[in-house]
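Colleague: Supplied structure: data_0.txt, compact mmCIF, C-alpha atoms.
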# COMPACT_ATOMS: atom_id res chain seq x y z
CA MET A 1 -0.20 25.09 11.66
CA SER A 2 2.01 22.05 11.49
CA PHE A 3 1.17 18.41 11.11
CA ILE A 4 2.40 15.13 9.75
CA LEU A 5 1.26 13.21 6.73
CA VAL A 6 1.17 9.48 7.35
CA MET A 7 2.18 8.45 3.85
CA MET A 8 4.95 6.86 1.86
CA LEU A 9 8.00 9.12 1.82
CA PHE A 10 11.64 8.92 0.81
CA SER A 11 14.98 8.24 2.49
CA CYS A 12 16.40 11.22 4.33
CA GLU A 13 19.38 13.01 2.81
CA GLU A 14 19.55 16.26 4.80
CA PRO A 15 18.05 17.27 8.17
CA PHE A 16 15.07 19.61 7.86
CA ASN A 17 14.24 21.98 10.72
CA PRO A 18 11.42 24.32 9.73
CA ASP A 19 10.70 27.40 11.85
CA ILE A 20 6.98 26.87 12.38
CA ASP A 21 4.70 28.33 15.05
CA ILE A 22 2.62 25.47 16.46
CA LYS A 23 0.48 27.46 18.90
CA ASP A 24 -2.52 27.22 16.57
CA TYR A 25 -1.97 23.56 15.77
CA GLU A 26 -5.12 21.51 15.12
CA SER A 27 -5.15 17.74 14.63
CA MET A 28 -6.29 16.47 11.24
CA LEU A 29 -7.74 13.15 10.12
CA VAL A 30 -5.40 11.08 7.96
CA VAL A 31 -6.96 8.41 5.72
CA ASP A 32 -5.07 5.53 4.11
CA GLY A 33 -7.60 3.72 1.97
CA LEU A 34 -7.29 1.27 -0.91
CA ILE A 35 -9.73 -1.29 -2.29
CA SER A 36 -8.98 -3.30 -5.41
CA ASN A 37 -9.95 -6.17 -7.66
CA GLU A 38 -7.93 -8.50 -5.42
CA ILE A 39 -10.14 -10.74 -3.27
CA GLY A 40 -10.26 -9.86 0.43
CA PRO A 41 -11.95 -7.56 2.92
CA PHE A 42 -12.23 -3.85 2.19
CA ARG A 43 -9.70 -2.13 4.49
CA VAL A 44 -9.03 1.48 5.52
CA ARG A 45 -6.66 2.95 8.11
CA LEU A 46 -7.45 6.09 10.12
CA SER A 47 -5.00 8.16 12.15
CA SER A 48 -4.53 11.72 13.39
CA SER A 49 -1.80 14.18 12.51
CA VAL A 50 0.51 15.37 15.29
CA PRO A 51 2.71 18.46 15.71
CA LEU A 52 6.21 18.38 14.29
CA ASP A 53 7.81 18.85 17.70
CA THR A 54 6.34 15.66 19.20
CA SER A 55 8.19 12.36 19.49
CA VAL A 56 5.41 10.20 18.00
CA ASN A 57 4.73 9.99 14.28
CA GLU A 58 1.05 9.10 14.31
CA VAL A 59 -1.96 8.49 16.54
CA PRO A 60 -4.40 5.76 15.39
CA VAL A 61 -8.09 6.70 15.43
CA TYR A 62 -10.38 4.26 17.23
CA GLY A 63 -14.16 4.19 17.50
CA ALA A 64 -14.98 5.74 14.14
CA GLU A 65 -17.94 4.77 11.96
CA VAL A 66 -16.66 3.75 8.53
CA GLU A 67 -18.72 2.78 5.47
CA ILE A 68 -18.13 2.35 1.75
CA PHE A 69 -21.01 2.91 -0.70
CA ASP A 70 -21.07 1.94 -4.35
CA THR A 71 -23.09 3.29 -7.28
CA ASN A 72 -25.14 0.07 -7.42
CA GLY A 73 -26.72 0.96 -4.06
CA ASN A 74 -24.64 -1.41 -1.92
CA SER A 75 -23.05 -0.41 1.39
CA TYR A 76 -20.20 -2.04 3.28
CA THR A 77 -19.59 -1.43 6.98
CA LEU A 78 -15.99 -1.53 8.18
CA TYR A 79 -15.20 -2.43 11.80
CA GLY A 80 -12.12 -1.34 13.76
CA PHE A 81 -9.82 -4.09 14.97
CA SER A 82 -6.25 -2.88 15.62
CA ASP A 83 -3.87 0.05 15.20
CA GLY A 84 -6.45 2.25 13.45
CA TRP A 85 -7.34 -0.35 10.81
CA TYR A 86 -10.98 -0.90 9.82
CA GLU A 87 -12.21 -3.73 7.61
CA THR A 88 -15.35 -5.50 6.47
CA GLU A 89 -16.52 -8.77 7.99
CA GLN A 90 -16.89 -10.11 4.44
CA ARG A 91 -13.57 -11.64 3.40
CA ASP A 92 -14.28 -12.24 -0.29
CA LEU A 93 -15.00 -8.75 -1.60
CA ARG A 94 -13.41 -7.23 -4.67
CA ALA A 95 -13.93 -3.92 -6.44
CA GLN A 96 -15.61 -4.17 -9.85
CA GLU A 97 -14.77 -2.28 -13.03
CA GLY A 98 -17.31 0.35 -14.00
CA ILE A 99 -18.67 0.79 -10.46
CA GLY A 100 -17.98 3.91 -8.36
CA TYR A 101 -17.08 3.69 -4.65
CA THR A 102 -17.33 6.37 -1.95
CA LEU A 103 -15.79 6.27 1.54
CA ASN A 104 -17.69 7.83 4.45
CA VAL A 105 -16.11 8.33 7.89
CA THR A 106 -17.64 9.69 11.09
CA THR A 107 -14.98 10.27 13.75
CA PRO A 108 -15.66 9.79 17.48
CA ASP A 109 -16.12 13.56 17.88
CA GLY A 110 -18.96 13.53 15.35
CA MET A 111 -17.08 15.01 12.37
CA GLN A 112 -18.12 13.56 9.01
CA TYR A 113 -15.73 13.04 6.11
CA GLU A 114 -16.36 11.78 2.60
CA SER A 115 -14.21 10.88 -0.37
CA THR A 116 -14.91 11.66 -3.97
CA THR A 117 -16.56 8.78 -5.83
CA VAL A 118 -13.78 6.68 -7.31
CA GLU A 119 -14.25 4.18 -10.12
CA LEU A 120 -12.02 1.18 -10.74
CA LEU A 121 -10.17 1.87 -14.00
CA ARG A 122 -8.65 -1.01 -15.92
CA GLY A 123 -4.86 -0.80 -16.05
CA PRO A 124 -2.43 -2.05 -18.70
CA GLU A 125 -0.80 -5.45 -18.51
CA ILE A 126 2.72 -5.89 -17.18
CA GLU A 127 4.62 -6.80 -20.31
CA SER A 128 7.89 -7.56 -18.54
CA LEU A 129 9.59 -7.29 -15.16
CA HIS A 130 13.30 -7.59 -15.81
CA TYR A 131 16.74 -6.42 -14.76
CA LYS A 132 19.97 -5.23 -16.27
CA GLU A 133 23.36 -4.06 -15.07
CA SER A 134 24.32 -0.41 -14.98
CA TYR A 135 27.59 1.26 -14.09
CA HIS A 136 28.17 4.08 -11.61
CA THR A 137 31.33 5.90 -10.57
CA ASP A 138 32.04 6.01 -6.84
CA PHE A 139 33.67 9.42 -6.42
CA SER A 140 34.09 8.91 -2.66
CA ALA A 141 36.79 6.32 -3.36
CA ASP A 142 40.40 7.41 -3.80
CA PRO A 143 40.90 7.11 -6.67
CA PRO A 144 37.29 7.09 -7.98
CA LYS A 145 36.20 3.68 -9.22
CA ASP A 146 33.47 2.25 -11.44
CA GLU A 147 30.91 -0.04 -9.80
CA THR A 148 28.33 -2.48 -11.16
CA TRP A 149 24.71 -2.01 -10.07
CA LEU A 150 21.57 -3.99 -10.87
CA ASP A 151 18.46 -2.11 -12.03
CA ILE A 152 14.98 -3.66 -11.69
CA LEU A 153 12.81 -2.38 -14.56
CA ILE A 154 9.22 -2.76 -15.69
CA ASP A 155 7.50 -2.56 -19.08
CA THR A 156 3.74 -2.16 -19.52
CA LYS A 157 1.61 -2.54 -22.63
CA GLY A 158 -1.64 -0.62 -22.69
CA SER A 159 -4.56 -0.40 -25.04
CA ALA A 160 -7.63 1.72 -25.62
CA GLY A 161 -9.92 2.08 -22.61
CA GLU A 162 -7.14 1.62 -20.04
CA THR A 163 -5.98 4.29 -17.63
CA SER A 164 -2.81 6.27 -18.32
CA TYR A 165 -1.93 6.70 -14.62
CA LEU A 166 -0.01 4.06 -12.68
CA LYS A 167 1.66 3.52 -9.31
CA TRP A 168 4.01 0.71 -8.22
CA GLU A 169 5.00 -0.85 -4.91
CA TYR A 170 7.27 -3.82 -4.31
CA GLU A 171 8.13 -6.51 -1.77
CA GLU A 172 11.67 -7.93 -1.66
CA THR A 173 12.83 -11.26 -0.30
CA TRP A 174 16.37 -12.59 -0.27
CA GLU A 175 18.14 -15.62 1.11
CA ILE A 176 21.01 -15.43 3.61
CA ASN A 177 23.25 -18.19 4.84
CA ILE A 178 25.91 -18.46 7.52
CA PRO A 179 28.89 -19.87 5.56
CA ASN A 180 30.33 -23.20 6.62
CA ASP A 181 33.78 -21.65 6.81
CA VAL A 182 32.87 -19.27 9.66
CA LYS A 183 35.48 -20.57 12.08
CA VAL A 184 33.45 -20.64 15.28
CA ALA A 185 34.76 -24.10 16.16
CA ASP A 186 38.40 -23.02 15.99
CA ALA A 187 37.81 -20.27 18.51
CA LEU A 188 35.65 -22.24 20.92
CA GLY A 189 37.51 -25.51 21.00
CA ASN A 190 35.74 -28.40 22.71
CA LEU A 191 32.92 -26.19 23.99
CA TYR A 192 31.76 -25.30 20.48
CA ASP A 193 28.68 -27.51 20.66
CA GLU A 194 27.62 -26.15 24.06
CA ILE A 195 28.03 -22.44 23.41
CA ALA A 196 27.54 -21.33 19.86
CA LYS A 197 27.28 -24.01 17.23
CA PRO A 198 25.00 -22.64 14.49
CA ASN A 199 22.72 -25.54 13.58
CA ASN A 200 20.92 -25.81 10.27
CA GLU A 201 17.82 -24.03 11.62
CA MET A 202 19.96 -21.00 12.49
CA ARG A 203 22.11 -20.95 9.34
CA ASN A 204 19.61 -20.49 6.51
CA CYS A 205 17.11 -17.59 6.56
CA TRP A 206 15.06 -15.27 4.36
CA VAL A 207 14.79 -11.50 4.78
CA ASP A 208 11.78 -9.39 3.71
CA ALA A 209 11.56 -5.67 2.93
CA LYS A 210 8.90 -3.41 1.44
CA SER A 211 9.22 -0.35 -0.76
CA ASN A 212 9.32 3.02 0.97
CA THR A 213 9.42 5.20 -2.13
CA ILE A 214 6.68 6.59 -4.34
CA LYS A 215 6.82 5.27 -7.91
CA VAL A 216 4.31 6.80 -10.32
CA ALA A 217 4.21 7.34 -14.08
CA SER A 218 1.76 8.51 -16.73
CA THR A 219 1.44 8.00 -20.49
CA GLU A 220 -1.05 10.88 -20.79
CA LYS A 221 1.11 12.85 -23.26
CA GLN A 222 2.29 9.83 -25.23
CA GLU A 223 0.82 8.57 -28.47
CA VAL A 224 1.10 4.96 -27.27
CA ASN A 225 -0.07 3.82 -23.82
CA ASN A 226 3.13 1.86 -23.15
CA ILE A 227 5.90 2.27 -20.57
CA LEU A 228 9.39 0.98 -21.24
CA ASP A 229 12.20 0.33 -18.73
CA PHE A 230 10.61 2.22 -15.86
CA PRO A 231 13.02 1.98 -12.86
CA ILE A 232 11.52 0.19 -9.87
CA LYS A 233 14.69 -0.28 -7.81
CA SER A 234 18.49 -0.18 -8.11
CA ILE A 235 20.76 -2.37 -5.98
CA GLY A 236 24.39 -1.43 -5.55
CA PRO A 237 27.46 -3.32 -4.31
CA GLY A 238 28.34 -4.16 -0.74
CA GLY A 239 25.14 -5.74 0.54
CA ASN A 240 23.83 -9.29 0.88
CA GLN A 241 20.57 -8.93 -1.08
CA LEU A 242 22.03 -10.43 -4.24
CA ASP A 243 24.54 -12.77 -2.60
CA ILE A 244 22.55 -16.03 -2.91
CA LYS A 245 19.09 -15.57 -4.41
CA TYR A 246 16.87 -12.51 -4.56
CA SER A 247 13.19 -12.10 -5.42
CA ILE A 248 11.05 -9.04 -5.98
CA LEU A 249 7.25 -8.90 -6.27
CA VAL A 250 6.02 -5.74 -7.99
CA LYS A 251 2.40 -4.62 -7.67
CA GLN A 252 0.98 -2.17 -10.21
CA TYR A 253 -2.00 0.03 -9.28
CA SER A 254 -4.28 1.87 -11.70
CA MET A 255 -5.76 5.24 -10.76
CA ASN A 256 -7.46 8.34 -12.11
CA LYS A 257 -5.87 11.71 -12.87
CA GLU A 258 -6.91 13.21 -9.52
CA LEU A 259 -5.11 10.56 -7.50
CA PHE A 260 -2.12 10.62 -9.83
CA SER A 261 -1.80 14.34 -9.12
CA PHE A 262 -1.96 13.63 -5.36
CA TRP A 263 0.79 11.00 -5.44
CA SER A 264 2.96 13.10 -7.77
CA LYS A 265 2.74 16.14 -5.49
CA LEU A 266 3.48 14.00 -2.44
CA LYS A 267 6.52 12.54 -4.16
CA ASP A 268 7.84 15.93 -5.30
CA SER A 269 7.23 17.54 -1.91
CA ASN A 270 8.58 14.87 0.37
CA GLU A 271 11.20 12.79 -1.39
CA ASN A 272 13.99 14.32 0.71
CA ILE A 273 12.18 14.56 4.03
CA GLY A 274 12.23 11.07 5.58
CA SER A 275 10.84 7.57 5.57
CA MET A 276 7.34 6.16 5.70
CA PHE A 277 5.21 7.77 8.45
CA ASP A 278 7.72 10.59 9.01
CA LYS A 279 6.49 14.13 9.45
CA THR A 280 6.31 16.72 6.71
CA PRO A 281 5.69 20.46 7.18
CA SER A 282 3.66 20.87 3.98
CA ALA A 283 0.05 19.86 3.27
CA ILE A 284 -0.80 17.54 0.39
CA TYR A 285 -4.57 17.14 0.37
CA GLY A 286 -6.10 14.07 -1.21
CA ASN A 287 -9.69 13.27 -2.17
CA ILE A 288 -11.15 13.32 1.39
CA THR A 289 -13.18 16.35 2.53
CA CYS A 290 -15.03 17.21 5.73
CA CYS A 291 -18.81 17.44 5.29
CA SER A 292 -19.46 19.07 8.68
CA THR A 293 -17.19 22.14 8.49
CA ASP A 294 -14.32 23.53 6.48
CA LYS A 295 -11.93 21.44 8.58
CA LYS A 296 -9.16 19.89 6.42
CA SER A 297 -8.20 16.24 6.17
CA LEU A 298 -5.25 14.38 4.73
CA GLY A 299 -4.83 11.16 2.83
CA TYR A 300 -6.68 9.36 0.07
CA PHE A 301 -9.23 6.73 -0.88
CA MET A 302 -8.19 4.76 -3.95
CA VAL A 303 -9.92 2.05 -6.00
CA SER A 304 -7.51 0.14 -8.19
CA ASP A 305 -7.04 -2.58 -10.73
CA VAL A 306 -3.97 -4.46 -9.45
CA LYS A 307 -1.51 -6.37 -11.61
CA GLN A 308 1.54 -8.12 -10.18
CA GLU A 309 4.69 -9.87 -11.33
CA ARG A 310 7.54 -11.65 -9.52
CA ILE A 311 11.08 -12.46 -10.67
CA PHE A 312 14.00 -14.32 -9.11
CA ILE A 313 17.66 -13.40 -9.54
CA ASP A 314 20.47 -15.84 -8.75
CA LYS A 315 23.98 -14.71 -7.89
CA ALA A 316 25.34 -16.28 -11.09
CA LYS A 317 23.11 -13.98 -13.18
CA HIS A 318 24.76 -10.66 -12.29
CA GLY A 319 28.13 -9.03 -11.67
CA VAL A 320 27.32 -6.94 -8.58
CA ASN A 321 29.95 -7.20 -5.85
CA THR A 322 28.16 -8.74 -2.84
CA TYR A 323 29.00 -9.81 0.71
CA THR A 324 27.60 -12.55 2.90
CA GLY A 325 27.50 -10.27 5.94
CA TYR A 326 29.59 -12.77 7.90
CA GLU A 327 33.06 -11.81 6.63
CA ASN A 328 34.23 -10.44 9.99
CA CYS A 329 32.65 -13.03 12.24
CA LEU A 330 35.94 -14.62 13.30
CA TYR A 331 36.89 -11.27 14.83
CA ALA A 332 33.54 -10.63 16.47
CA TYR A 333 34.10 -12.87 19.47
CA SER A 334 34.58 -11.46 22.95
CA ARG A 335 36.62 -13.16 25.68
CA LEU A 336 34.54 -14.88 28.35
CA PRO A 337 35.48 -14.68 32.07
CA GLU A 338 38.21 -17.03 33.25
CA TYR A 339 35.65 -19.08 35.16
CA ILE A 340 32.47 -20.20 33.40
CA TYR A 341 29.80 -22.60 34.64
CA PHE A 342 27.68 -25.04 32.66
CA GLY A 343 25.15 -26.44 35.13
CA GLU A 344 27.20 -28.05 37.86
CA THR A 345 30.32 -28.32 35.71
CA GLU A 346 33.05 -25.73 36.18
CA GLU A 347 35.51 -25.04 33.36
CA THR A 348 38.62 -23.05 34.29
CA ASN A 349 41.64 -21.59 32.52
CA ARG A 350 40.26 -22.26 29.09
CA ASN A 351 40.69 -20.08 26.02
CA LEU A 352 36.96 -19.48 25.66
CA TYR A 353 35.19 -17.03 23.38
CA ASN A 354 31.61 -15.93 22.99
CA ALA A 355 30.45 -15.58 19.38
CA ALA A 356 28.53 -12.42 18.50
CA PRO A 357 24.80 -13.30 18.07
CA GLN A 358 24.70 -12.21 14.43
CA CYS A 359 27.53 -14.62 13.65
CA ILE A 360 25.78 -17.76 14.79
CA ASN A 361 22.07 -17.08 14.31
CA CYS A 362 20.55 -15.77 11.08
CA LEU A 363 17.23 -15.31 12.90
CA ASN A 364 18.62 -11.99 14.08
CA GLU A 365 18.08 -10.75 10.53
CA GLY A 366 15.27 -12.83 9.05
CA THR A 367 13.11 -15.93 9.39
CA ASN A 368 14.04 -19.56 8.85
CA GLU A 369 10.59 -20.35 7.43
CA LYS A 370 11.02 -20.81 3.70
CA PRO A 371 8.51 -18.61 1.81
CA PRO A 372 5.83 -20.66 0.01
CA PHE A 373 6.69 -18.97 -3.31
CA TRP A 374 10.42 -19.66 -3.07
CA GLU A 375 11.91 -21.55 -6.00
Could you express the structure from this file as structure tokens?
Modeller:
Amino acid sequence: MSFILVMMLFSCEEPFNPDIDIKDYESMLVVDGLISNEIGPFRVRLSSSVPLDTSVNEVPVYGAEVEIFDTNGNSYTLYGFSDGWYETEQRDLRAQEGIGYTLNVTTPDGMQYESTTVELLRGPEIESLHYKESYHTDFSADPPKDETWLDILIDTKGSAGETSYLKWEYEETWEINIPNDVKVADALGNLYDEIAKPNNEMRNCWVDAKSNTIKVASTEKQEVNNILDFPIKSIGPGGNQLDIKYSILVKQYSMNKELFSFWSKLKDSNENIGSMFDKTPSAIYGNITCCSTDKKSLGYFMVSDVKQERIFIDKAKHGVNTYTGYENCLYAYSRLPEYIYFGETEETNRNLYNAAPQCINCLNEGTNEKPPFWE
């Protein structure tokens, strides 16, 4: 049997081509469920596994009956709305400490699935989200050379009664800008304004990215429930993330030992397979079981205490070698035909050039809407 696990995986390093017989393949339910102490609707995503030899990575499940029950006798119905997502009509819900929650799913074919009862466990505070430079040797260079990197690190400070098992995700945002010295005007001559002048709305943008790695840690075997300098992300030279201003928002999730074991196994099994939603040939079962038969399911239902912290990093605060991304724009122009028309006006025998889109419009990479949190 082969299937995919719709989960968070790692960047691919080597191709993996397992020799697996798929004749007995059977689709499996995949659950992606998280409710927390953050205010909002309760949300769960349902999909089906697919064989490794298919071109699609996932198939959303529609028409399921989805409910969450708590140990206080309350029930919450989740309704499907798009791409396999189900959520409550109530928009102001939040999980409460000391209360257990259970997910129940009935698929369109009548199969019933249920999670273990999961209680929200209080997590430690984020003591510090910070960064420092580190130094790596690039052995691919001739001769090898030392490079400056920037490491994003987190410290937590726990106390009695708080869980020892943590998971982190992050959201990055960075500013990009088409430099004023990109010499579009020199190449285009008098037609600069009509063809490719990058106006202010096209020059300044912000790019977003989310984590696609599994970051988990435990203080179970430590005398003190503290974590020091845990690596969230490392940024090396050559990119534009740190060229102007960079921001990272880190979210910290608390969990129990069962879910920590699930995420740890998933990380160890899949960190060299692929990216998020890629296929993996090995089963990592979470806390969802089928009540109707012995049919297996994949995924998890998690209830978490969420802490978050954001930092900003200006270019002047680090020594990483960065690029704007527009260094070669003067050479990215292609010659236009000898005759070119602008409405009813014909221009002939002009030394005209057409600027590459990425050289004149930052919207090809990000958005020109300034984030509300931007400093």
Colleague: Could you state the separation of atom CA of A:Thr102 and atom CA of A:Trp85 in Å, given to one decimal place?
Modeller: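 Rounded to one decimal, the two atoms are 17.5 Å apart.
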Colleague: At what distance in Å, to one decimal, does atom CA of A:Arg310 lie from atom CA of A:Thr137?
Modeller: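 Here the two named atoms are 29.6 Å from each other.
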Colleague: Rounded to one decimal place, report the atom CA of A:Tyr246-atom CA of A:Leu129 distance in Å.
Modeller: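 Interatomic distance here is 13.9 Å.
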Colleague: For each of A:Ser75, A:Thr293, A:Asn270, A:Ser234, take the minimum atom-to-atom distance to A:Glu133, counting only C-alpha atoms, then give the residue where this is smallest.
Modeller: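 The answer is A:Ser234, which sits nearest to A:Glu133.
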Colleague: As a list in words, please: the residues near A:Ile232 (cut-off 9 Å, all atoms listed in the file, same-chain neighbours under 2 positions excluded).
Modeller: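 Here the answer would be Asp151, Ile152, Leu153, Ile154, Trp168, Glu169, Tyr170, Lys215, Asp229, Phe230, Ser234 and Val250 of chain A.
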Colleague: Could you produce a table of the residues of stretch 242-272 of chain A lying within 12 Å of stretch 23-44 of chain A, with the nearest pair of atoms per residue and their separation in Å rounded to one decimal, using all atoms listed in the file, ordered by chain and increasing residue number, as CSV?
Modeller:
residue,atom,partner,partner_atom,distance
A:Lys251,CA,A:Glu38,CA,11.3
A:Gln252,CA,A:Ser36,CA,11.1
A:Tyr253,CA,A:Ser36,CA,8.6
A:Ser254,CA,A:Ser36,CA,9.4
A:Met255,CA,A:Ser36,CA,10.6
A:Leu259,CA,A:Leu34,CA,11.6
